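Structure record follows, encoded as structure tokens.
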Amino acid sequence: MDHEVAEVDSSPMTARARAVVSVPPLQIHYCSSMMNQSPSLIDSAPKTPKTPKSPFASRIMTPIASPMKKAIVSVQGYLEEVGHFTKLDRDHPHDAWLPITESRNGNAYYSAFHTLSSGIGFQALLLPLAFTSLGWSWGIVCLSLIFLWQLYTLWLLIQLHESESGTRYSRYLRLSMAAFGEKRGKLLALFPIMYLSGGTCVTLIMIGGGTMKIFFQIVCGDTCEVTPLSTVEWYLVFSCSAMALSQLPSLNSIAGVSLIGAITAVSYCTMIWVVSIVQGRPTSVSYDPPQSKSDVARICSILNALGIIAFAFRGHNLVLEIQGTMPSSSKYPSRVPMWRGVKFAYLIIAMCLCPLAIGGYWAYGNLIPTNGGMLDALYKYHGHDTSKALLCLTSLFVVINSLSSFQIYAMPVFDNFEFRYTSKFNKPCPWWLRSAIRALFGCLTFFISVALPFLRSLAGLLGGVALPLTLAYPCLMWIQIKKPKIHSASWYLNWALGALGMILSILVVIGAIWNIATMGIKVHFFKPQ
């Protein structure tokens, strides 16, 4: 049975023109109930069918009836847009309770802040180390190609965030499950995502705590009478600061933290390569590739360098989460502001990483330290001829950026823990449990950083593990979800890049393991240096 929706008087004197729009009664009831819900719950409602047009309305062409027709079209467009909103995250009605998606008021500025904070970090300081194996020409070529490759896969992820049916994939794991199936998607993506999030937080404790120690030594000087803290105690200071900052409830709530982290990251990267070039090169600098005992060792060294470059471009496991903080509709999809923010962020990233890699290799050549990269090289070769104020400011920026990056990389872990709770008990996570979860994660990462302090030496291996998430999976997910025409340019391109990314990942992991087995690393448990 149809319901009357509009009745309009075409003349105040005589005849009354009536227009009836055919709308199923269930749809009217559903749309009205959805408009009474809170905006945060609209994302999780089921799909609403589009409002059908009235055959009678399409035949009304008189000037008298045109206002009525405009009103009908306006109501129809509104109902269609509401219907699109109700399809978002329909499989996960508890998303409004989770820290990544509980706030959806993000914008292009927020995406730029988060992308910069997560995209620039300590991994960039190791880029000159990759040039020692690749040399000038191949180092620049590989750096440029991997940058363009990962930017393309980043664009793919942004486009895949919303399906044609309107479902939003606000976590990398959910997109992987939608593309490859539930079991296979979890198998392929769960461990790398959690490993990258947790492993990055552990490494940030090592970087931040160790830099705190250096900052204190520079400020205090050799004549300081204050008893310095040990390395473990500095790790604890950093971990407590990170845990206190992690009490901010949602991903959108740390946008200001990400802005500070982005500013400090750009600042210390620029300061390090500028000071290294201005102060000049050490007298024993050399650009000859290190001598390898065999051809296999040479090839593995090159593969390890590719892993370092790939690991420098991080953050693909967070891009869907960042986009999930934005509002979206059929008229204003979230991919538009997200891509705008990402383009600006990656312009800044390219302006930071390219001079850091090229300038750092020019300044130090094969003398670049294998653990701390450019930061350790700055302290080692220019600590005596650089002002203490500049060294202190650089160290302080590194600490602040590490604290900021810790928040955004830990957010998927917090979200996953709270998802388990809300799925089991069907209610939001209470504030005391949320605080306890975040404190427990901080304690766990602190323990691992103290127990396994040699993890910083595994940059090439970590890059190999991260490669599929960055270079391969987005291309393969695009084929599975978008289903481009077979033998089309898009089909060939994504299959080629996906297969090449998987092969490169395996080779990089093999190369990193070979280097560790042949060259060795200083393995010392519970003895951070």
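Ordering of the structure tokens sets the chain letters (A, B, ...); residue numbers start at 1 within each chain; ligands are numbered from 1 in the order shown.
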
task: Just the residues within 10 Å of range 144-154 of chain A, please, counting only C-alpha atoms, with nothing from its chain fewer than 2 positions along; format it as an MDAnalysis selection string.
output: chainID A and resid 138:142 156:160 306 309:310 312:317 319:320 339 342:343 346 349:350 354 467 469:475 478 494 497:498 501

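Around Val285 in chain A, within 9 Å and counting only C-alpha atoms, the residues found are Arg281, Pro282, Trp362, Ala363, Tyr364, Gly365, Asn366 and Leu367 of chain A, once anything fewer than 3 positions away on its own chain is removed.
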
message: With distances taken over only C-alpha atoms, which residue among A:Ala244, A:Leu318, A:Cys352, A:Leu396 lies nearest Thr211 in chain A?
response: A:Leu396

If you count only C-alpha atoms, which residues fall within 7 Å of range 398-403 of chain A, apart from same-chain ones fewer than 5 positions away, as a CSV table (one decimal) with C-alpha atoms, in the first residue's frame?
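Wrote it out as out-v1.csv, contents follow:
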chain,number,residue,atom,x,y,z
A,204,LEU,CA,60.2,3.9,19.3
A,208,GLY,CA,63.0,7.8,22.3
A,211,THR,CA,67.7,9.9,22.7
A,212,MET,CA,66.5,11.1,26.1
A,242,ALA,CA,53.8,7.5,26.2
A,261,GLY,CA,54.9,15.0,15.7
A,264,THR,CA,59.2,17.9,14.9
A,265,ALA,CA,59.8,15.1,12.3
A,268,TYR,CA,64.9,17.2,12.9

query: By how many Å are CA of Arg340 in chain A and CA of Ser253 in chain A apart?
result: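 Taking CA of Arg340 in chain A as the start and CA of Ser253 in chain A as the end point, the length is 20.5 Å.
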
message: Nearest residue to Ser329 in chain A out of A:Ile513, A:Ala496, A:Thr167, A:Asp295, using only C-alpha atoms?
response: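 Of all the options, A:Thr167 lies closest to Ser329 in chain A.
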